[in-house]
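One file, entry24.pdb, is given below (PDB, C-alpha atoms).
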ATOM      1  CA  MET A   1       0.000   0.000   0.000
ATOM      2  CA  LYS A   2       1.180   3.507  -0.762
ATOM      3  CA  LYS A   3       2.313   5.845   2.000
ATOM      4  CA  LEU A   4      -0.801   7.328   3.599
ATOM      5  CA  SER A   5      -1.190  11.076   3.877
ATOM      6  CA  VAL A   6      -0.066  12.903   6.989
ATOM      7  CA  LEU A   7      -3.595  14.174   7.587
ATOM      8  CA  PHE A   8      -5.168  10.726   7.278
ATOM      9  CA  LEU A   9      -2.558   9.104   9.491
ATOM     10  CA  ALA A  10      -3.001  11.835  12.069
ATOM     11  CA  ALA A  11      -6.752  11.164  12.102
ATOM     12  CA  VAL A  12      -6.215   7.434  12.451
ATOM     13  CA  MET A  13      -3.641   7.886  15.217
ATOM     14  CA  MET A  14      -5.934  10.258  17.092
ATOM     15  CA  ILE A  15      -8.671   7.637  16.946
ATOM     16  CA  SER A  16      -6.217   5.022  18.230
ATOM     17  CA  LEU A  17      -5.680   7.059  21.394
ATOM     18  CA  ILE A  18      -9.331   6.769  22.365
ATOM     19  CA  GLY A  19      -9.561   4.231  25.185
ATOM     20  CA  CYS A  20     -11.973   1.346  25.296
ATOM     21  CA  SER A  21     -11.303  -0.012  28.764
ATOM     22  CA  SER A  22     -14.673   1.042  30.173
ATOM     23  CA  VAL A  23     -16.905   0.049  27.251
ATOM     24  CA  ALA A  24     -18.975  -3.091  26.936
ATOM     25  CA  ALA A  25     -17.452  -6.281  25.564
ATOM     26  CA  ASN A  26     -17.814  -6.957  21.854
ATOM     27  CA  PRO A  27     -21.297  -8.411  21.196
ATOM     28  CA  VAL A  28     -20.807  -9.205  17.489
ATOM     29  CA  ASN A  29     -18.847 -12.312  16.543
ATOM     30  CA  SER A  30     -20.581 -13.271  13.294
ATOM     31  CA  ILE A  31     -23.105 -12.005  10.764
ATOM     32  CA  ASP A  32     -25.775 -13.879  12.690
ATOM     33  CA  ASP A  33     -25.231 -11.510  15.624
ATOM     34  CA  LEU A  34     -26.204  -8.349  13.689
ATOM     35  CA  PRO A  35     -29.976  -8.364  14.367
ATOM     36  CA  GLY A  36     -30.757  -6.072  17.278
ATOM     37  CA  LYS A  37     -27.297  -4.470  17.328
ATOM     38  CA  THR A  38     -26.205  -0.894  16.703
ATOM     39  CA  ILE A  39     -24.379  -0.833  13.378
ATOM     40  CA  GLY A  40     -22.153   2.011  12.184
ATOM     41  CA  VAL A  41     -21.811   2.886   8.490
ATOM     42  CA  GLN A  42     -20.665   5.728   6.290
ATOM     43  CA  LEU A  43     -23.680   7.591   4.957
ATOM     44  CA  GLY A  44     -24.695   6.599   1.440
ATOM     45  CA  THR A  45     -22.304   3.652   1.071
ATOM     46  CA  THR A  46     -23.279   0.103   0.221
ATOM     47  CA  GLY A  47     -22.517  -0.674   3.846
ATOM     48  CA  ASP A  48     -25.345   1.742   4.652
ATOM     49  CA  ILE A  49     -27.620  -0.020   2.172
ATOM     50  CA  TYR A  50     -26.785  -3.489   3.499
ATOM     51  CA  ALA A  51     -27.169  -2.430   7.123
ATOM     52  CA  SER A  52     -30.587  -0.916   6.450
ATOM     53  CA  ASP A  53     -31.933  -4.416   5.872
ATOM     54  CA  TYR A  54     -31.341  -5.127   9.561
ATOM     55  CA  GLU A  55     -33.574  -2.291  10.777
ATOM     56  CA  SER A  56     -36.580  -4.582  10.351
ATOM     57  CA  GLU A  57     -34.801  -7.034  12.676
ATOM     58  CA  GLY A  58     -34.431  -4.516  15.480
ATOM     59  CA  SER A  59     -31.020  -3.107  14.607
ATOM     60  CA  THR A  60     -30.197   0.585  14.955
ATOM     61  CA  ILE A  61     -28.141   2.093  12.126
ATOM     62  CA  GLU A  62     -25.846   5.002  12.980
ATOM     63  CA  ARG A  63     -24.769   6.877   9.851
ATOM     64  CA  TYR A  64     -21.603   8.978   9.740
ATOM     65  CA  ASN A  65     -20.262  11.365   7.113
ATOM     66  CA  LYS A  66     -16.726  10.067   7.705
ATOM     67  CA  THR A  67     -15.592   6.533   8.484
ATOM     68  CA  ASN A  68     -13.160   8.017  11.028
ATOM     69  CA  ASP A  69     -16.159   9.073  13.118
ATOM     70  CA  ALA A  70     -17.660   5.586  12.988
ATOM     71  CA  VAL A  71     -14.366   4.080  14.167
ATOM     72  CA  ALA A  72     -14.189   6.510  17.092
ATOM     73  CA  ALA A  73     -17.778   5.645  18.039
ATOM     74  CA  LEU A  74     -16.981   1.916  17.938
ATOM     75  CA  LYS A  75     -13.996   2.373  20.227
ATOM     76  CA  GLN A  76     -16.118   4.389  22.658
ATOM     77  CA  GLY A  77     -18.832   1.714  22.757
ATOM     78  CA  LYS A  78     -21.475   3.913  21.103
ATOM     79  CA  ILE A  79     -21.981   1.329  18.356
ATOM     80  CA  ASP A  80     -21.432  -2.442  18.239
ATOM     81  CA  CYS A  81     -19.765  -2.801  14.836
ATOM     82  CA  ILE A  82     -19.030  -1.153  11.483
ATOM     83  CA  ILE A  83     -19.755  -2.458   7.993
ATOM     84  CA  ILE A  84     -17.014  -1.219   5.668
ATOM     85  CA  ASP A  85     -14.838  -2.169   2.703
ATOM     86  CA  ASP A  86     -12.032  -4.563   3.617
ATOM     87  CA  MET A  87      -9.072  -2.409   2.537
ATOM     88  CA  PRO A  88      -9.903   0.708   4.590
ATOM     89  CA  ALA A  89     -10.833  -1.630   7.443
ATOM     90  CA  GLN A  90      -7.325  -3.074   7.380
ATOM     91  CA  VAL A  91      -5.837   0.417   7.669
ATOM     92  CA  PHE A  92      -7.927   1.258  10.723
ATOM     93  CA  VAL A  93      -7.330  -2.093  12.436
ATOM     94  CA  GLU A  94      -3.584  -1.877  11.827
ATOM     95  CA  LYS A  95      -3.506   1.422  13.744
ATOM     96  CA  ASN A  96      -6.067   0.410  16.386
ATOM     97  CA  THR A  97      -5.116  -2.860  18.058
ATOM     98  CA  ASP A  98      -8.323  -2.784  20.105
ATOM     99  CA  LEU A  99     -10.306  -3.421  16.905
ATOM    100  CA  LYS A 100     -10.480  -6.460  14.638
ATOM    101  CA  ILE A 101     -12.093  -7.619  11.414
ATOM    102  CA  LEU A 102     -14.358 -10.660  11.553
ATOM    103  CA  GLU A 103     -13.012 -13.479   9.392
ATOM    104  CA  GLU A 104     -16.415 -14.074   7.788
ATOM    105  CA  PRO A 105     -16.847 -11.777   4.723
ATOM    106  CA  PHE A 106     -20.056  -9.779   4.841
ATOM    107  CA  ALA A 107     -20.559  -9.265   1.086
ATOM    108  CA  LEU A 108     -18.687  -9.301  -2.221
ATOM    109  CA  GLU A 109     -19.196  -6.420  -4.642
ATOM    110  CA  GLU A 110     -17.886  -4.800  -7.813
ATOM    111  CA  TYR A 111     -16.807  -1.168  -8.131
ATOM    112  CA  ALA A 112     -17.704   0.898 -11.184
ATOM    113  CA  ILE A 113     -17.691   4.519 -12.375
ATOM    114  CA  CYS A 114     -20.957   6.447 -12.263
ATOM    115  CA  VAL A 115     -21.929   8.869 -15.042
ATOM    116  CA  ALA A 116     -25.020  10.957 -15.761
ATOM    117  CA  LYS A 117     -27.837   9.083 -17.480
ATOM    118  CA  GLU A 118     -27.786  11.471 -20.421
ATOM    119  CA  ASN A 119     -24.031  11.002 -20.916
ATOM    120  CA  ALA A 120     -24.087   7.659 -22.714
ATOM    121  CA  GLU A 121     -21.295   8.779 -25.048
ATOM    122  CA  LEU A 122     -18.895   9.296 -22.141
ATOM    123  CA  LYS A 123     -19.931   5.991 -20.553
ATOM    124  CA  ASP A 124     -19.205   4.125 -23.787
ATOM    125  CA  ALA A 125     -15.854   5.882 -24.166
ATOM    126  CA  ILE A 126     -14.841   4.987 -20.603
ATOM    127  CA  ASN A 127     -15.889   1.376 -21.140
ATOM    128  CA  GLY A 128     -13.671   1.280 -24.229
ATOM    129  CA  ALA A 129     -10.759   2.724 -22.264
ATOM    130  CA  LEU A 130     -11.261   0.255 -19.398
ATOM    131  CA  ALA A 131     -11.338  -2.641 -21.861
ATOM    132  CA  SER A 132      -8.039  -1.497 -23.370
ATOM    133  CA  LEU A 133      -6.430  -1.016 -19.947
ATOM    134  CA  LYS A 134      -7.533  -4.514 -18.952
ATOM    135  CA  ALA A 135      -6.268  -6.013 -22.214
ATOM    136  CA  ASP A 136      -2.776  -4.509 -21.977
ATOM    137  CA  GLY A 137      -2.403  -5.304 -18.274
ATOM    138  CA  THR A 138      -2.239  -1.706 -17.037
ATOM    139  CA  LEU A 139      -5.368  -1.966 -14.912
ATOM    140  CA  ASP A 140      -4.141  -5.159 -13.238
ATOM    141  CA  LYS A 141      -0.836  -3.431 -12.395
ATOM    142  CA  ILE A 142      -2.626  -0.432 -10.881
ATOM    143  CA  ILE A 143      -4.862  -2.642  -8.754
ATOM    144  CA  ALA A 144      -2.036  -4.938  -7.634
ATOM    145  CA  ASN A 145       0.046  -1.919  -6.630
ATOM    146  CA  TYR A 146      -2.513  -1.066  -3.950
ATOM    147  CA  VAL A 147      -4.303  -4.295  -3.023
ATOM    148  CA  GLY A 148      -2.120  -7.078  -4.406
ATOM    149  CA  ASP A 149       0.268  -9.405  -2.616
ATOM    150  CA  ASP A 150       2.862  -7.808  -0.364
ATOM    151  CA  ASP A 151       5.676  -8.443  -2.857
ATOM    152  CA  VAL A 152       3.992  -6.296  -5.530
ATOM    153  CA  LYS A 153       2.374  -3.555  -3.444
ATOM    154  CA  GLY A 154       4.050  -0.227  -3.993
ATOM    155  CA  THR A 155       6.198  -1.470  -6.880
ATOM    156  CA  PHE A 156       4.251   0.172  -9.727
ATOM    157  CA  LYS A 157       3.209   3.781 -10.160
ATOM    158  CA  TYR A 158       1.101   4.827 -13.109
ATOM    159  CA  GLU A 159       2.756   7.877 -14.637
ATOM    160  CA  SER A 160       0.765  10.071 -16.993
ATOM    161  CA  THR A 161       2.605  11.282 -20.067
ATOM    162  CA  ASN A 162      -0.425  12.744 -21.833
ATOM    163  CA  THR A 163      -0.235  16.397 -22.831
ATOM    164  CA  ASP A 164      -3.126  16.313 -25.302
ATOM    165  CA  PHE A 165      -6.282  17.514 -23.538
ATOM    166  CA  SER A 166      -8.335  17.924 -26.690
ATOM    167  CA  GLY A 167     -11.089  15.842 -25.111
ATOM    168  CA  GLY A 168     -11.599  18.461 -22.384
ATOM    169  CA  GLN A 169     -11.686  17.808 -18.650
ATOM    170  CA  LEU A 170     -12.707  14.632 -16.854
ATOM    171  CA  ILE A 171     -13.931  15.936 -13.498
ATOM    172  CA  MET A 172     -13.887  13.136 -10.930
ATOM    173  CA  ALA A 173     -16.016  13.463  -7.793
ATOM    174  CA  THR A 174     -14.619  11.430  -4.898
ATOM    175  CA  GLU A 175     -14.357  11.265  -1.099
ATOM    176  CA  ALA A 176     -10.705  11.115  -0.138
ATOM    177  CA  THR A 177     -10.770   9.251   3.178
ATOM    178  CA  PHE A 178     -11.032   5.769   1.679
ATOM    179  CA  PRO A 179      -7.519   4.307   1.387
ATOM    180  CA  PRO A 180      -6.172   2.719  -0.696
ATOM    181  CA  TYR A 181      -8.763   3.797  -3.255
ATOM    182  CA  GLU A 182      -8.572   7.559  -2.628
ATOM    183  CA  TYR A 183      -6.783   9.456   0.113
ATOM    184  CA  TYR A 184      -4.594  12.498   0.642
ATOM    185  CA  ASP A 185      -0.829  12.369   0.319
ATOM    186  CA  SER A 186       0.121  15.848   1.573
ATOM    187  CA  ASP A 187      -2.142  18.127  -0.512
ATOM    188  CA  THR A 188      -2.694  15.652  -3.333
ATOM    189  CA  ILE A 189      -5.463  13.063  -3.655
ATOM    190  CA  VAL A 190      -3.940   9.743  -4.677
ATOM    191  CA  GLY A 191      -4.924   6.074  -4.718
ATOM    192  CA  LEU A 192      -6.072   3.169  -6.843
ATOM    193  CA  ASP A 193      -9.136   5.004  -8.152
ATOM    194  CA  VAL A 194      -7.110   8.101  -9.009
ATOM    195  CA  ASP A 195      -4.481   6.139 -10.958
ATOM    196  CA  MET A 196      -7.215   4.242 -12.790
ATOM    197  CA  ALA A 197      -9.071   7.477 -13.614
ATOM    198  CA  GLN A 198      -5.831   9.075 -14.809
ATOM    199  CA  ALA A 199      -5.172   6.147 -17.136
ATOM    200  CA  VAL A 200      -8.718   6.416 -18.519
ATOM    201  CA  ALA A 201      -8.382  10.189 -18.959
ATOM    202  CA  ASP A 202      -5.108   9.734 -20.824
ATOM    203  CA  MET A 203      -6.701   7.313 -23.258
ATOM    204  CA  LEU A 204      -9.571   9.744 -23.858
ATOM    205  CA  LYS A 205      -7.181  12.716 -24.244
ATOM    206  CA  MET A 206      -8.775  14.414 -21.251
ATOM    207  CA  GLU A 207      -7.346  16.337 -18.298
ATOM    208  CA  LEU A 208      -8.197  14.638 -15.001
ATOM    209  CA  VAL A 209      -9.492  17.000 -12.317
ATOM    210  CA  VAL A 210     -10.191  15.440  -8.898
ATOM    211  CA  GLU A 211     -12.800  17.078  -6.651
ATOM    212  CA  ASN A 212     -13.115  15.966  -3.016
ATOM    213  CA  MET A 213     -16.560  16.059  -1.370
ATOM    214  CA  ASP A 214     -18.794  14.177   1.051
ATOM    215  CA  PHE A 215     -19.511  10.673  -0.219
ATOM    216  CA  ASN A 216     -23.236  11.290  -0.084
ATOM    217  CA  ALA A 217     -22.863  14.254  -2.470
ATOM    218  CA  ILE A 218     -21.078  12.398  -5.271
ATOM    219  CA  ILE A 219     -24.092  11.113  -7.190
ATOM    220  CA  THR A 220     -25.789  14.518  -6.980
ATOM    221  CA  ALA A 221     -22.618  16.148  -8.317
ATOM    222  CA  VAL A 222     -22.702  13.813 -11.328
ATOM    223  CA  GLN A 223     -26.431  14.322 -11.865
ATOM    224  CA  THR A 224     -26.122  18.106 -11.861
ATOM    225  CA  GLY A 225     -23.000  18.259 -14.015
ATOM    226  CA  LYS A 226     -20.669  19.473 -11.287
ATOM    227  CA  ALA A 227     -18.625  16.381 -12.081
ATOM    228  CA  ASN A 228     -18.442  14.153 -15.149
ATOM    229  CA  VAL A 229     -17.885  10.964 -13.164
ATOM    230  CA  GLY A 230     -18.129   9.632  -9.633
ATOM    231  CA  ILE A 231     -15.275   7.342  -8.606
ATOM    232  CA  ALA A 232     -15.099   6.442  -4.931
ATOM    233  CA  GLY A 233     -15.431   2.713  -4.432
ATOM    234  CA  LEU A 234     -18.972   2.888  -5.823
ATOM    235  CA  THR A 235     -20.990  -0.304  -6.166
ATOM    236  CA  ILE A 236     -23.785  -0.640  -8.708
ATOM    237  CA  THR A 237     -27.114  -0.798  -6.852
ATOM    238  CA  GLU A 238     -30.725  -0.569  -7.979
ATOM    239  CA  GLU A 239     -31.198   2.538  -5.863
ATOM    240  CA  ARG A 240     -28.254   4.325  -7.480
ATOM    241  CA  LEU A 241     -29.333   3.241 -10.967
ATOM    242  CA  GLN A 242     -32.471   5.295 -10.498
ATOM    243  CA  ASN A 243     -30.296   8.413 -10.608
ATOM    244  CA  VAL A 244     -27.132   7.602 -12.581
ATOM    245  CA  ASP A 245     -25.664   5.039 -14.945
ATOM    246  CA  PHE A 246     -22.553   2.965 -14.365
ATOM    247  CA  THR A 247     -19.687   1.790 -16.510
ATOM    248  CA  ASP A 248     -18.463  -1.763 -16.574
ATOM    249  CA  PRO A 249     -16.874  -2.790 -13.235
ATOM    250  CA  TYR A 250     -13.143  -2.183 -12.885
ATOM    251  CA  THR A 251     -12.397  -4.118  -9.666
ATOM    252  CA  THR A 252     -13.964  -6.248  -6.947
ATOM    253  CA  ALA A 253     -14.060  -5.651  -3.210
ATOM    254  CA  THR A 254     -15.258  -7.256   0.009
ATOM    255  CA  GLN A 255     -17.435  -5.698   2.684
ATOM    256  CA  VAL A 256     -16.418  -6.766   6.189
ATOM    257  CA  ILE A 257     -17.501  -6.243   9.778
ATOM    258  CA  VAL A 258     -15.182  -4.392  12.179
ATOM    259  CA  VAL A 259     -15.715  -4.933  15.915
ATOM    260  CA  ARG A 260     -13.927  -4.325  19.186
ATOM    261  CA  ALA A 261     -11.225  -6.925  19.787
ATOM    262  CA  LYS A 262     -12.497  -7.821  23.275
TER     263      LYS A 262
END
Can the structure from this file be put into C-alpha cells for me?
Amino acid sequence: MKKLSVLFLAAVMMISLIGCSSVAANPVNSIDDLPGKTIGVQLGTTGDIYASDYESEGSTIERYNKTNDAVAALKQGKIDCIIIDDMPAQVFVEKNTDLKILEEPFALEEYAICVAKENAELKDAINGALASLKADGTLDKIIANYVGDDDVKGTFKYESTNTDFSGGQLIMATEATFPPYEYYDSDTIVGLDVDMAQAVADMLKMELVVENMDFNAIITAVQTGKANVGIAGLTITEERLQNVDFTDPYTTATQVIVVRAK
C-alpha cells in the first residue's frame, strides 16, 4: 500500500488514542449476531444499504459522514460494529489494536464509475478505455500496486505522459478518506481510483481533475454536471441506478464487519 497522507494518518492515530477499557465487551462475533445491534456505516455507502436491511430485525443504524467518526464511536462503545470495505478496514485495524475484522466476509461487490444518465457517449468511451487497460495489463498493475500481494504492493506507479487535452476535462467526484482507493498524500489526492481514472483520462485525451466532497454528495454532483464521473469505491445498486448510470466494473471488493477486539 502507498504511503498514507499525513492528515489521514493523524486522524487514524488520534482515533487510536481513544480508550476502550470502560466500554462493553464486543457483542458481534458473526453475521448472525447483527440483528438487534447498533451498526455504524458511512452515509450513502453500500454498507449503509446493506445495514438498512437489519432495521426490520431490530437493529439501529448510525450513519456517519466520515468513516473516522464511525471508528471513534466503535472504540467508545457507542456502536457495536461497522460495515465497511475490507481495505480501509485493514488500515484502521492496523492502527487500532483494540479493533479487529471478523473473518467471515459480509458481502462481495464490484466497483464501477458512475456517469449521468444522459451522458451515454462518455460511458461508452470509458468502457472502451477500461477494456483497453484490462487487455494490456495496465489496470491489473494499478490494482495490484494497492491491493495485491505484499511483494507487488508499492512497486508500480502509473505515470501520466499525456499532454493532449483535446477531449476536455474529466472531473472526478470522490471522497478522499477511503484508502487505498482515494486518500490524501500531503495536498494531493492519490490512490487506486485516481491512478485508474488518470489512465482512462489519458486514453480519452482528457485532463483529469479530482474534486473531493462528502460521499453522499457524489451522485448529486454527477447528476447536476458538477462532475463528469463519480469514482469512490462505488458499487452498482438498484437505488443508485435510479439516478445515474454505471460503466463496466473495474475491480472487486469485500465488505467486512469491524468490531472491538475484546
For A:Lys78, work out the shell of residues within 10 Å, counting all atoms listed in the file and skipping chain neighbours fewer than 5 positions away, then give it as a tab-separated table (two decimals) with C-alpha atoms, in the frame of the given file.
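File written: out31.tsv
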chain	number	residue	atom	x	y	z
A	23	VAL	CA	-16.90	0.05	27.25
A	24	ALA	CA	-18.98	-3.09	26.94
A	38	THR	CA	-26.20	-0.89	16.70
A	39	ILE	CA	-24.38	-0.83	13.38
A	40	GLY	CA	-22.15	2.01	12.18
A	62	GLU	CA	-25.85	5.00	12.98
A	70	ALA	CA	-17.66	5.59	12.99
A	71	VAL	CA	-14.37	4.08	14.17
A	72	ALA	CA	-14.19	6.51	17.09
A	73	ALA	CA	-17.78	5.64	18.04
Query raised in the report: So which residues get picked by the PyMOL selection byres ((chain A and resi 196-209) around 9) here, written as an NGL selection string?
Result: :A and (125-126 or 129-130 or 132-133 or 138-139 or 142-143 or 158-173 or 191-195 or 210-211 or 231 or 250)
Query raised in the report: What separation in Å, quoted to one decimal, exists between atom CA of A:Gly47 and atom CA of A:Ile83?
Result: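 According to the coordinates, atom CA of A:Gly47 and atom CA of A:Ile83 are separated by 5.3 Å.
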**Report entry** Contact residues around A:Leu99 with all atoms listed in the file at 6 Å, ignoring same-chain residues under 2 positions, as a PyMOL selection string
**Finding:** chain A and resi 93+96-97+259-261
Query raised in the report: Selected by the PyMOL selection byres ((chain A and resi 222) around 12) in the shown coordinates: which residues, as a PyMOL selection string?
Result: chain A and resi 113-119+170-174+211+213+215-221+223-231+240+243-246
Report task. Please evaluate the PyMOL selection byres ((chain A and resi 254) around 6) against the structure above and give the resulting residues as a PyMOL selection string. Result -> chain A and resi 85-86+107-108+253+255
Query raised in the report: Which distance in Å separates atom CA of A:Tyr64 and atom CA of A:Val190, to one decimal?
Result: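 Separating atom CA of A:Tyr64 from atom CA of A:Val190 is a distance of 22.8 Å.
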Query raised in the report: A:Ser52, A:Asn145, A:Asn127, A:Thr46: which is nearest A:Thr247, counting all atoms listed in the file?
Result: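 Checking each of A:Ser52, A:Asn145, A:Asn127, A:Thr46 against A:Thr247, counting all atoms listed in the file, the winner is A:Asn127.
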Requested in this report: State, in Å with one decimal place, the distance from atom CA of A:Lys123 to atom CA of A:Glu238.
Outcome: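 Those two atoms sit 17.8 Å apart.
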Per residue of stretch 230-256 of chain A within 12 Å of stretch 178-184 of chain A, what are the shortest atom pair and its distance in Å to one decimal, counting all atoms listed in the file, with rows by chain and residue number, as a Markdown table?
| residue | atom | partner | partner_atom | distance |
| --- | --- | --- | --- | --- |
| A:Ile231 | CA | A:Glu182 | CA | 9.0 |
| A:Ala232 | CA | A:Glu182 | CA | 7.0 |
| A:Gly233 | CA | A:Tyr181 | CA | 6.9 |
| A:Leu234 | CA | A:Tyr181 | CA | 10.6 |
| A:Thr251 | CA | A:Tyr181 | CA | 10.8 |
| A:Thr252 | CA | A:Tyr181 | CA | 11.9 |
| A:Ala253 | CA | A:Tyr181 | CA | 10.8 |
Requested in this report: Determine, counting all atoms listed in the file, which protein, DNA and RNA residues have an atom within 12 Å of an atom of A:Ser22; residues of the same chain fewer than 5 positions away are not included. Present the result as a list in words.
Outcome: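 With the cut-off at 12 Å, the set is Lys75, Gln76, Gly77, Lys78 and Lys262 of chain A.
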Report task. Would you mind telling me which residue in A:Thr188, A:Asp80, A:Lys157, A:Leu43 lies nearest to A:Ser59 when using all atoms listed in the file? Result ->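 So, comparing all the options, the nearest one is A:Asp80.
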Exercise on stretch 219-223 of chain A, axis-aligned box with 8 Å per side, report centre and edge lengths in Å to one decimal, as JSON:
{"center_x": -24.5, "center_y": 13.6, "center_z": -9.4, "size_x": 19.8, "size_y": 21.0, "size_z": 20.9}
Output stretch 78-119 of chain A from the block with C-alpha atoms, as a PDB file, in the first residue's frame?
ATOM      1  CA  LYS A  78     -21.475   3.913  21.103  1.00  0.00           C
ATOM      2  CA  ILE A  79     -21.981   1.329  18.356  1.00  0.00           C
ATOM      3  CA  ASP A  80     -21.432  -2.442  18.239  1.00  0.00           C
ATOM      4  CA  CYS A  81     -19.765  -2.801  14.836  1.00  0.00           C
ATOM      5  CA  ILE A  82     -19.030  -1.153  11.483  1.00  0.00           C
ATOM      6  CA  ILE A  83     -19.755  -2.458   7.993  1.00  0.00           C
ATOM      7  CA  ILE A  84     -17.014  -1.219   5.668  1.00  0.00           C
ATOM      8  CA  ASP A  85     -14.838  -2.169   2.703  1.00  0.00           C
ATOM      9  CA  ASP A  86     -12.032  -4.563   3.617  1.00  0.00           C
ATOM     10  CA  MET A  87      -9.072  -2.409   2.537  1.00  0.00           C
ATOM     11  CA  PRO A  88      -9.903   0.708   4.590  1.00  0.00           C
ATOM     12  CA  ALA A  89     -10.833  -1.630   7.443  1.00  0.00           C
ATOM     13  CA  GLN A  90      -7.325  -3.074   7.380  1.00  0.00           C
ATOM     14  CA  VAL A  91      -5.837   0.417   7.669  1.00  0.00           C
ATOM     15  CA  PHE A  92      -7.927   1.258  10.723  1.00  0.00           C
ATOM     16  CA  VAL A  93      -7.330  -2.093  12.436  1.00  0.00           C
ATOM     17  CA  GLU A  94      -3.584  -1.877  11.827  1.00  0.00           C
ATOM     18  CA  LYS A  95      -3.506   1.422  13.744  1.00  0.00           C
ATOM     19  CA  ASN A  96      -6.067   0.410  16.386  1.00  0.00           C
ATOM     20  CA  THR A  97      -5.116  -2.860  18.058  1.00  0.00           C
ATOM     21  CA  ASP A  98      -8.323  -2.784  20.105  1.00  0.00           C
ATOM     22  CA  LEU A  99     -10.306  -3.421  16.905  1.00  0.00           C
ATOM     23  CA  LYS A 100     -10.480  -6.460  14.638  1.00  0.00           C
ATOM     24  CA  ILE A 101     -12.093  -7.619  11.414  1.00  0.00           C
ATOM     25  CA  LEU A 102     -14.358 -10.660  11.553  1.00  0.00           C
ATOM     26  CA  GLU A 103     -13.012 -13.479   9.392  1.00  0.00           C
ATOM     27  CA  GLU A 104     -16.415 -14.074   7.788  1.00  0.00           C
ATOM     28  CA  PRO A 105     -16.847 -11.777   4.723  1.00  0.00           C
ATOM     29  CA  PHE A 106     -20.056  -9.779   4.841  1.00  0.00           C
ATOM     30  CA  ALA A 107     -20.559  -9.265   1.086  1.00  0.00           C
ATOM     31  CA  LEU A 108     -18.687  -9.301  -2.221  1.00  0.00           C
ATOM     32  CA  GLU A 109     -19.196  -6.420  -4.642  1.00  0.00           C
ATOM     33  CA  GLU A 110     -17.886  -4.800  -7.813  1.00  0.00           C
ATOM     34  CA  TYR A 111     -16.807  -1.168  -8.131  1.00  0.00           C
ATOM     35  CA  ALA A 112     -17.704   0.898 -11.184  1.00  0.00           C
ATOM     36  CA  ILE A 113     -17.691   4.519 -12.375  1.00  0.00           C
ATOM     37  CA  CYS A 114     -20.957   6.447 -12.263  1.00  0.00           C
ATOM     38  CA  VAL A 115     -21.929   8.869 -15.042  1.00  0.00           C
ATOM     39  CA  ALA A 116     -25.020  10.957 -15.761  1.00  0.00           C
ATOM     40  CA  LYS A 117     -27.837   9.083 -17.480  1.00  0.00           C
ATOM     41  CA  GLU A 118     -27.786  11.471 -20.421  1.00  0.00           C
ATOM     42  CA  ASN A 119     -24.031  11.002 -20.916  1.00  0.00           C
TER      43      ASN A 119
END
